[in-house]
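Reproduced below: model20.txt, with compact mmCIF, C-alpha atoms.
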# COMPACT_ATOMS: atom_id res chain seq x y z
CA MET A 1 182.50 3.15 285.83
CA ALA A 2 178.86 3.72 284.85
CA VAL A 3 179.87 6.64 282.63
CA LEU A 4 182.42 4.48 280.78
CA THR A 5 179.81 1.77 280.16
CA ALA A 6 177.34 4.27 278.72
CA THR A 7 179.97 5.83 276.48
CA SER A 8 181.05 2.41 275.21
CA GLY A 9 177.45 1.51 274.38
CA ALA A 10 176.94 4.78 272.48
CA GLN A 11 180.01 4.16 270.33
CA THR A 12 179.02 0.61 269.42
CA GLY A 13 175.58 1.54 267.97
CA PRO A 14 173.12 -0.89 266.40
CA GLY A 15 174.55 -3.80 264.37
CA PRO A 16 173.57 -4.69 260.80
CA THR A 17 169.94 -5.62 260.19
CA PRO A 18 169.67 -9.41 260.32
CA GLN A 19 168.35 -11.20 257.26
CA ILE A 20 167.06 -14.71 256.79
CA TYR A 21 167.86 -17.08 253.91
CA THR A 22 165.27 -19.68 253.07
CA CYS A 23 164.88 -22.30 250.36
CA THR A 24 163.61 -25.79 249.63
CA ASP A 25 166.37 -28.29 248.95
CA ALA A 26 166.42 -31.21 246.48
CA SER A 27 164.73 -33.45 249.08
CA GLY A 28 161.84 -31.04 249.54
CA ARG A 29 162.99 -29.82 252.93
CA LYS A 30 162.45 -26.15 253.71
CA LEU A 31 165.71 -24.76 255.12
CA THR A 32 166.37 -21.48 256.89
CA SER A 33 169.66 -19.82 257.87
CA ASP A 34 171.22 -16.45 258.57
CA ARG A 35 173.62 -16.93 255.65
CA PRO A 36 173.45 -18.46 252.13
CA ILE A 37 172.44 -22.11 252.37
CA VAL A 38 174.98 -24.49 250.84
CA GLU A 39 172.37 -27.21 250.24
CA CYS A 40 170.52 -24.79 247.93
CA ASN A 41 173.47 -23.62 245.87
CA ASP A 42 171.84 -25.26 242.84
CA ARG A 43 168.53 -23.41 243.21
CA GLU A 44 167.01 -20.04 244.05
CA GLN A 45 167.14 -18.76 247.62
CA THR A 46 164.90 -16.10 249.15
CA ILE A 47 166.23 -13.44 251.52
CA LEU A 48 163.69 -12.26 254.09
CA ASN A 49 163.60 -9.20 256.31
CA PRO A 50 163.12 -9.76 260.07
CA SER A 51 159.45 -8.94 259.48
CA GLY A 52 159.16 -11.88 257.08
CA THR A 53 158.80 -9.80 253.92
CA VAL A 54 160.89 -10.70 250.88
CA LYS A 55 164.01 -8.57 250.59
CA ALA A 56 165.64 -10.20 247.58
CA ARG A 57 166.16 -13.41 245.70
CA ILE A 58 169.48 -14.93 244.67
CA GLY A 59 169.94 -17.38 241.85
CA PRO A 60 171.75 -20.71 241.96
CA VAL A 61 175.55 -20.81 242.18
CA LEU A 62 176.89 -21.75 238.74
CA THR A 63 179.54 -24.36 238.10
CA PRO A 64 182.67 -23.16 236.23
CA PHE A 65 181.26 -24.64 233.00
CA GLU A 66 177.86 -23.00 233.53
CA GLN A 67 179.58 -19.73 234.39
CA SER A 68 181.61 -19.82 231.16
CA GLN A 69 178.45 -20.53 229.18
CA SER A 70 176.65 -17.67 230.88
CA GLU A 71 179.53 -15.30 230.15
CA ALA A 72 179.62 -16.46 226.51
CA ARG A 73 175.89 -15.76 226.16
CA LEU A 74 176.37 -12.36 227.74
CA ARG A 75 179.19 -11.50 225.31
CA ALA A 76 177.09 -12.66 222.37
CA GLU A 77 174.16 -10.52 223.51
CA GLN A 78 176.43 -7.51 223.97
CA LYS A 79 177.90 -8.04 220.50
CA GLU A 80 174.44 -8.31 218.98
CA ARG A 81 173.33 -5.11 220.71
CA ALA A 82 176.46 -3.33 219.48
CA LEU A 83 175.82 -4.50 215.91
CA LYS A 84 172.23 -3.28 216.06
CA GLU A 85 173.37 0.10 217.38
CA GLU A 86 175.94 0.34 214.59
CA GLU A 87 173.28 -0.50 212.00
CA LYS A 88 171.03 2.21 213.43
CA ARG A 89 173.90 4.70 213.29
CA MET A 90 174.60 3.80 209.66
CA ASP A 91 170.92 4.09 208.80
CA ARG A 92 170.77 7.57 210.32
CA ALA A 93 173.87 8.61 208.38
CA LEU A 94 172.43 7.26 205.12
CA LEU A 95 169.13 9.01 205.71
CA ILE A 96 170.87 12.32 206.34
CA ARG A 97 172.96 11.91 203.18
CA TYR A 98 170.07 10.70 201.02
CA PRO A 99 166.79 12.02 202.47
CA ASN A 100 164.77 10.66 199.53
CA LEU A 101 164.96 8.72 196.26
CA THR A 102 165.70 11.83 194.20
CA ALA A 103 168.85 12.58 196.18
CA HIS A 104 169.98 8.98 196.02
CA GLN A 105 169.41 8.67 192.27
CA LYS A 106 171.28 11.93 191.65
CA ALA A 107 174.25 10.64 193.67
CA ARG A 108 174.23 7.40 191.67
CA GLU A 109 174.24 9.27 188.37
CA ASP A 110 177.10 11.51 189.51
CA ALA A 111 179.19 8.53 190.67
CA VAL A 112 178.66 6.66 187.41
CA ALA A 113 179.34 9.81 185.37
CA GLN A 114 182.73 10.25 187.05
CA VAL A 115 183.81 6.73 186.07
CA MET A 116 182.36 7.15 182.59
CA LEU A 117 184.40 10.31 182.07
CA VAL A 118 187.61 8.42 182.86
CA LYS A 119 186.49 5.60 180.60
CA GLN A 120 185.82 7.99 177.72
CA VAL A 121 189.33 9.43 177.99
CA ALA A 122 190.77 5.92 178.00
CA ALA A 123 188.63 4.93 175.00
CA ALA A 124 189.85 7.96 173.06
CA ARG A 125 193.43 7.01 173.87
CA GLN A 126 192.71 3.44 172.74
CA LYS A 127 191.37 4.77 169.41
CA ASP A 128 194.56 6.78 168.83
CA LEU A 129 196.68 3.74 169.63
CA LEU A 130 194.73 1.62 167.15
CA VAL A 131 195.42 4.16 164.43
CA GLU A 132 199.10 4.19 165.36
CA ARG A 133 199.29 0.40 165.39
CA THR A 134 197.62 0.22 161.97
CA LYS A 135 200.24 2.59 160.59
CA LEU A 136 203.10 0.56 162.09
CA THR A 137 201.56 -2.70 160.91
CA ASP A 138 201.39 -1.32 157.38
CA GLU A 139 205.09 -0.46 157.58
CA MET A 140 205.86 -3.96 158.85
CA ALA A 141 203.98 -5.43 155.89
CA PHE A 142 206.93 -4.40 153.72
CA TYR A 143 209.01 -6.94 155.63
CA ALA A 144 206.34 -9.65 155.63
CA ARG A 145 208.56 -12.20 153.93
CA ASN A 146 211.44 -11.57 156.33
CA PRO A 147 210.27 -9.77 159.51
CA GLY A 148 213.74 -10.06 160.98
CA LYS A 149 214.97 -7.44 158.54
CA ALA A 150 212.54 -4.84 159.81
CA PRO A 151 214.26 -1.88 161.54
CA ALA A 152 214.71 -2.43 165.26
CA LYS A 153 213.04 0.92 165.98
CA LEU A 154 209.94 -0.12 164.04
CA GLN A 155 209.79 -3.43 165.89
CA ARG A 156 210.12 -1.70 169.26
CA GLN A 157 207.42 0.84 168.37
CA LEU A 158 205.00 -1.88 167.26
CA ALA A 159 205.68 -3.94 170.38
CA ALA A 160 205.21 -0.92 172.65
CA VAL A 161 201.94 0.11 171.00
CA THR A 162 200.62 -3.45 171.19
CA GLU A 163 201.45 -3.66 174.90
CA THR A 164 199.89 -0.25 175.60
CA LEU A 165 196.74 -1.31 173.78
CA ALA A 166 196.53 -4.40 175.97
CA GLU A 167 196.91 -2.21 179.05
CA GLN A 168 194.17 0.11 177.83
CA GLU A 169 191.87 -2.84 177.24
CA ARG A 170 192.46 -4.10 180.78
CA PHE A 171 191.88 -0.59 182.12
CA LEU A 172 188.56 -0.28 180.28
CA ILE A 173 187.45 -3.66 181.63
CA GLU A 174 188.28 -2.46 185.15
CA LYS A 175 186.22 0.69 184.59
CA ASP A 176 183.26 -1.45 183.53
CA LYS A 177 183.63 -3.47 186.73
CA GLU A 178 183.84 -0.24 188.72
CA ILE A 179 180.58 1.01 187.20
CA GLN A 180 178.96 -2.30 188.06
CA ALA A 181 180.24 -2.03 191.63
CA VAL A 182 178.86 1.51 191.94
CA ASN A 183 175.43 0.39 190.78
CA THR A 184 175.50 -2.62 193.10
CA ARG A 185 176.35 -0.39 196.05
CA PHE A 186 173.55 2.04 195.25
CA ASP A 187 171.11 -0.85 194.75
CA GLU A 188 171.96 -2.20 198.20
CA GLU A 189 171.67 1.28 199.73
CA ARG A 190 168.29 1.79 198.10
CA GLN A 191 166.94 -1.45 199.55
CA ARG A 192 168.11 -0.30 202.97
CA LEU A 193 166.78 3.23 202.53
CA GLU A 194 163.32 2.53 201.16
CA PRO A 195 161.77 1.58 204.54
CA LEU A 196 163.55 4.56 206.12
CA TRP A 197 162.12 6.91 203.49
CA GLN A 198 158.65 5.53 204.14
CA ALA A 199 159.05 6.11 207.87
CA ASN A 200 160.65 9.55 207.40
CA PRO A 201 159.08 11.13 204.28
CA VAL A 202 160.85 14.21 202.91
CA PRO A 203 159.67 16.24 199.89
CA ALA A 204 161.83 15.60 196.82
CA VAL A 205 162.55 19.32 196.37
CA ALA A 206 164.32 19.37 199.73
CA SER A 207 167.16 17.27 198.38
CA MET A 208 167.67 18.90 195.00
CA PRO A 209 171.24 20.27 194.59
CA ARG A 210 171.65 23.99 194.53
Let's see the structure in the file written out as C-alpha cells.
Amino acid sequence: MAVLTATSGAQTGPGPTPQIYTCTDASGRKLTSDRPIVECNDREQTILNPSGTVKARIGPVLTPFEQSQSEARLRAEQKERALKEEEKRMDRALLIRYPNLTAHQKAREDAVAQVMLVKQVAAARQKDLLVERTKLTDEMAFYARNPGKAPAKLQRQLAAVTETLAEQERFLIEKDKEIQAVNTRFDEERQRLEPLWQANPVPAVASMPR
C-alpha cells in the first residue's frame, strides 16, 4: 500500500505556480485574489509572484463599444503603416529608375517626344485634308446658287473630309492634353524625388543612357 501511495504522488507532480491578483477598486480598497478581480474590471490589475514580485499587469476589461473603438483604431493604425510601407516601396522604385535629375529629365523628354511624333503625323494629315477640302470647296463654288444640284459624290466627299478634319482636330487636342499630363506626372515625380536624391546622391554620368 505504501508503494502505491508513493507512485501516485510521483505521477501527480507539482501543481501550477500560484499567482496573486491585486488592485485598488473605485472605492479605494486594495483587493487581492487568486484570480482576476471582477471589481477591478474597469482598471489595471497587477499579477504578483508568490515572492511578491510583479509578474505582469493586465489592462481593464473593455465594454463592447470600447472594444469596437479599440479595434477600429488598430485597423486604422495598420492601414496607415501599410500606406507608409507602400510609399517607401514606391520611393525605392522611383529612385532605382531615376537615380538623379539627369535621368529623370531625359525620361521626360523621351516621353514628350513620343507624343509629339504622333502629333506631328496627325498635323501633317490635317494639312493634307485642308488642301483636299479647299479643292472640294472650290468645286462646290460652281453650285453656289443651287447647292442641291452639286453631284452627290462631290457632296459626300466634302462631308467626309469635313468630318475627318473635325476628328483630326479633336485628336490633336487630346495629344496636347496628353503632353500636359506627361509633364504633370514628371513634375510630381520630381517633387517626390528631390529629397531622395539629396539623401542618396548619385553622379549624373551614372544615369546617362548608353
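Note that atom CA of Arg29 of chain A and atom CA of Ile58 of chain A are 18.2 Å apart.
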Worksheet item: Separation of atom CA of Cys40 of chain A and atom CA of Arg75 of chain A, in Å?
Response: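 Value for the atom CA of Cys40 of chain A-atom CA of Arg75 of chain A distance: 27.6 Å.
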Worksheet item: Do you know which residues are at most 12 Å from Leu95 of chain A counting all atoms listed in the file, after dropping those on the same chain fewer than 2 positions away, and could you put them as JSON, numbers by chain?
Response: {"A": [88, 89, 90, 91, 92, 93, 97, 98, 99, 100, 101, 103, 104, 189, 190, 192, 193, 194, 195, 196, 197, 198, 199, 200, 201, 202, 207]}
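Atom to atom, atom CA of Ile96 of chain A and atom CA of Gln180 of chain A stand 24.8 Å apart.
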Worksheet entry | Contacts of segment 173-178 of chain A at 9 Å (all atoms listed in the file; same-chain gap of 5+ positions) as a list in words |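 Using all atoms listed in the file, the neighbours found are Val112, Val115, Met116, Val118, Lys119, Gln168 and Asn183 of chain A.
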Item to complete: Determine the nearest neighbour of Thr134 of chain A from the options A:Asn41, A:Asn49, A:Gln157, A:Thr63, counting only C-alpha atoms.
Response: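 Nearest to Thr134 of chain A: A:Gln157.
Ranking A:Glu169, A:Asp34, A:Asp138, A:Glu188 by their shortest atom-to-atom distance to Ala122 of chain A, with only C-alpha atoms included, puts A:Glu169 first.
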Worksheet entry | Selection: 12 Å around Leu62 of chain A, only C-alpha atoms, excl. self and same-chain fewer than 3 positions, as a list in words |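 In the requested format, the answer is Cys40, Asn41, Asp42, Arg43, Glu44, Ile58, Gly59, Phe65, Glu66, Gln67, Ser68, Gln69, Ser70 and Glu71 of chain A.
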Practice prompt. Identify the residues around (204.5, -0.8, 164.9) within a radius of 7 Å, measuring from only C-alpha atoms in the coordinates stated by the file, and give them as an MDAnalysis selection string.
Written response: chainID A and resid 133 135:137 140 154:155 157:159 161
Worksheet item: Which is closer to Glu132 of chain A than all the others in A:Ser27, A:Glu86, A:Pro147, A:Thr162, using only C-alpha atoms?
Response: A:Thr162
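Proximity to Ala181 of chain A was assessed for A:Leu130, A:Ala150, A:Arg108, A:Lys30 counting all atoms listed in the file; the smallest distance is recorded for A:Arg108.
Nearest-residue note for Leu117 of chain A: choosing from A:Ala82, A:Ala76, A:Ile179, A:Val54, the minimum distance belongs to A:Ile179, counting all atoms listed in the file.
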Response to the item:
Between A:Lys55, A:Asp187, A:Thr22, A:Asn146, smallest distance to Gln105 of chain A by all atoms listed in the file belongs to A:Asp187
Could you add whatever atoms are missing so that segment 119-147 of chain A carries N, CA and C atoms, then write the result as a PDB file, in the coordinates of the input?
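Output (rebuild_8.pdb):
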ATOM      1  N   LYS A 119     186.558   6.637 181.622  1.00  0.00           N
ATOM      2  CA  LYS A 119     186.490   5.600 180.600  1.00  0.00           C
ATOM      3  C   LYS A 119     186.505   6.210 179.195  1.00  0.00           C
ATOM      4  N   GLN A 120     185.835   7.322 179.023  1.00  0.00           N
ATOM      5  CA  GLN A 120     185.820   7.990 177.720  1.00  0.00           C
ATOM      6  C   GLN A 120     187.209   8.457 177.308  1.00  0.00           C
ATOM      7  N   VAL A 121     187.951   8.996 178.273  1.00  0.00           N
ATOM      8  CA  VAL A 121     189.330   9.430 177.990  1.00  0.00           C
ATOM      9  C   VAL A 121     190.181   8.226 177.587  1.00  0.00           C
ATOM     10  N   ALA A 122     190.010   7.125 178.308  1.00  0.00           N
ATOM     11  CA  ALA A 122     190.770   5.920 178.000  1.00  0.00           C
ATOM     12  C   ALA A 122     190.378   5.353 176.637  1.00  0.00           C
ATOM     13  N   ALA A 123     189.087   5.431 176.304  1.00  0.00           N
ATOM     14  CA  ALA A 123     188.630   4.930 175.000  1.00  0.00           C
ATOM     15  C   ALA A 123     189.186   5.771 173.860  1.00  0.00           C
ATOM     16  N   ALA A 124     189.270   7.083 174.083  1.00  0.00           N
ATOM     17  CA  ALA A 124     189.850   7.960 173.060  1.00  0.00           C
ATOM     18  C   ALA A 124     191.329   7.640 172.866  1.00  0.00           C
ATOM     19  N   ARG A 125     192.019   7.392 173.945  1.00  0.00           N
ATOM     20  CA  ARG A 125     193.430   7.010 173.870  1.00  0.00           C
ATOM     21  C   ARG A 125     193.586   5.683 173.139  1.00  0.00           C
ATOM     22  N   GLN A 126     192.676   4.736 173.423  1.00  0.00           N
ATOM     23  CA  GLN A 126     192.710   3.440 172.740  1.00  0.00           C
ATOM     24  C   GLN A 126     192.520   3.618 171.237  1.00  0.00           C
ATOM     25  N   LYS A 127     191.624   4.515 170.835  1.00  0.00           N
ATOM     26  CA  LYS A 127     191.370   4.770 169.410  1.00  0.00           C
ATOM     27  C   LYS A 127     192.619   5.302 168.729  1.00  0.00           C
ATOM     28  N   ASP A 128     193.318   6.234 169.391  1.00  0.00           N
ATOM     29  CA  ASP A 128     194.560   6.780 168.830  1.00  0.00           C
ATOM     30  C   ASP A 128     195.616   5.685 168.695  1.00  0.00           C
ATOM     31  N   LEU A 129     195.692   4.819 169.682  1.00  0.00           N
ATOM     32  CA  LEU A 129     196.680   3.740 169.630  1.00  0.00           C
ATOM     33  C   LEU A 129     196.385   2.753 168.495  1.00  0.00           C
ATOM     34  N   LEU A 130     195.102   2.504 168.249  1.00  0.00           N
ATOM     35  CA  LEU A 130     194.730   1.620 167.150  1.00  0.00           C
ATOM     36  C   LEU A 130     195.157   2.197 165.803  1.00  0.00           C
ATOM     37  N   VAL A 131     194.981   3.497 165.669  1.00  0.00           N
ATOM     38  CA  VAL A 131     195.420   4.160 164.430  1.00  0.00           C
ATOM     39  C   VAL A 131     196.930   4.045 164.284  1.00  0.00           C
ATOM     40  N   GLU A 132     197.634   4.274 165.407  1.00  0.00           N
ATOM     41  CA  GLU A 132     199.100   4.190 165.360  1.00  0.00           C
ATOM     42  C   GLU A 132     199.555   2.774 165.047  1.00  0.00           C
ATOM     43  N   ARG A 133     198.897   1.782 165.656  1.00  0.00           N
ATOM     44  CA  ARG A 133     199.290   0.400 165.390  1.00  0.00           C
ATOM     45  C   ARG A 133     199.027   0.020 163.935  1.00  0.00           C
ATOM     46  N   THR A 134     197.917   0.497 163.380  1.00  0.00           N
ATOM     47  CA  THR A 134     197.620   0.220 161.970  1.00  0.00           C
ATOM     48  C   THR A 134     198.720   0.770 161.070  1.00  0.00           C
ATOM     49  N   LYS A 135     199.176   1.972 161.381  1.00  0.00           N
ATOM     50  CA  LYS A 135     200.240   2.590 160.590  1.00  0.00           C
ATOM     51  C   LYS A 135     201.539   1.772 160.694  1.00  0.00           C
ATOM     52  N   LEU A 136     201.878   1.340 161.907  1.00  0.00           N
ATOM     53  CA  LEU A 136     203.100   0.560 162.090  1.00  0.00           C
ATOM     54  C   LEU A 136     202.974  -0.826 161.456  1.00  0.00           C
ATOM     55  N   THR A 137     201.786  -1.383 161.529  1.00  0.00           N
ATOM     56  CA  THR A 137     201.560  -2.700 160.910  1.00  0.00           C
ATOM     57  C   THR A 137     201.718  -2.617 159.390  1.00  0.00           C
ATOM     58  N   ASP A 138     201.224  -1.519 158.824  1.00  0.00           N
ATOM     59  CA  ASP A 138     201.390  -1.320 157.380  1.00  0.00           C
ATOM     60  C   ASP A 138     202.870  -1.221 157.007  1.00  0.00           C
ATOM     61  N   GLU A 139     203.658  -0.567 157.842  1.00  0.00           N
ATOM     62  CA  GLU A 139     205.090  -0.460 157.580  1.00  0.00           C
ATOM     63  C   GLU A 139     205.755  -1.833 157.682  1.00  0.00           C
ATOM     64  N   MET A 140     205.294  -2.624 158.674  1.00  0.00           N
ATOM     65  CA  MET A 140     205.860  -3.960 158.850  1.00  0.00           C
ATOM     66  C   MET A 140     205.501  -4.899 157.696  1.00  0.00           C
ATOM     67  N   ALA A 141     204.408  -4.571 157.010  1.00  0.00           N
ATOM     68  CA  ALA A 141     203.980  -5.430 155.890  1.00  0.00           C
ATOM     69  C   ALA A 141     205.052  -5.481 154.794  1.00  0.00           C
ATOM     70  N   PHE A 142     205.856  -4.439 154.703  1.00  0.00           N
ATOM     71  CA  PHE A 142     206.930  -4.400 153.720  1.00  0.00           C
ATOM     72  C   PHE A 142     207.947  -5.505 153.978  1.00  0.00           C
ATOM     73  N   TYR A 143     208.030  -5.911 155.243  1.00  0.00           N
ATOM     74  CA  TYR A 143     209.010  -6.940 155.630  1.00  0.00           C
ATOM     75  C   TYR A 143     208.300  -8.272 155.933  1.00  0.00           C
ATOM     76  N   ALA A 144     207.134  -8.462 155.342  1.00  0.00           N
ATOM     77  CA  ALA A 144     206.340  -9.650 155.630  1.00  0.00           C
ATOM     78  C   ALA A 144     207.083 -10.948 155.354  1.00  0.00           C
ATOM     79  N   ARG A 145     207.857 -10.969 154.264  1.00  0.00           N
ATOM     80  CA  ARG A 145     208.560 -12.200 153.930  1.00  0.00           C
ATOM     81  C   ARG A 145     209.744 -12.463 154.854  1.00  0.00           C
ATOM     82  N   ASN A 146     210.287 -11.413 155.439  1.00  0.00           N
ATOM     83  CA  ASN A 146     211.440 -11.570 156.330  1.00  0.00           C
ATOM     84  C   ASN A 146     211.351 -10.526 157.447  1.00  0.00           C
ATOM     85  N   PRO A 147     210.469 -10.764 158.447  1.00  0.00           N
ATOM     86  CA  PRO A 147     210.270  -9.770 159.510  1.00  0.00           C
ATOM     87  C   PRO A 147     211.538  -9.407 160.264  1.00  0.00           C
TER      88      PRO A 147
END
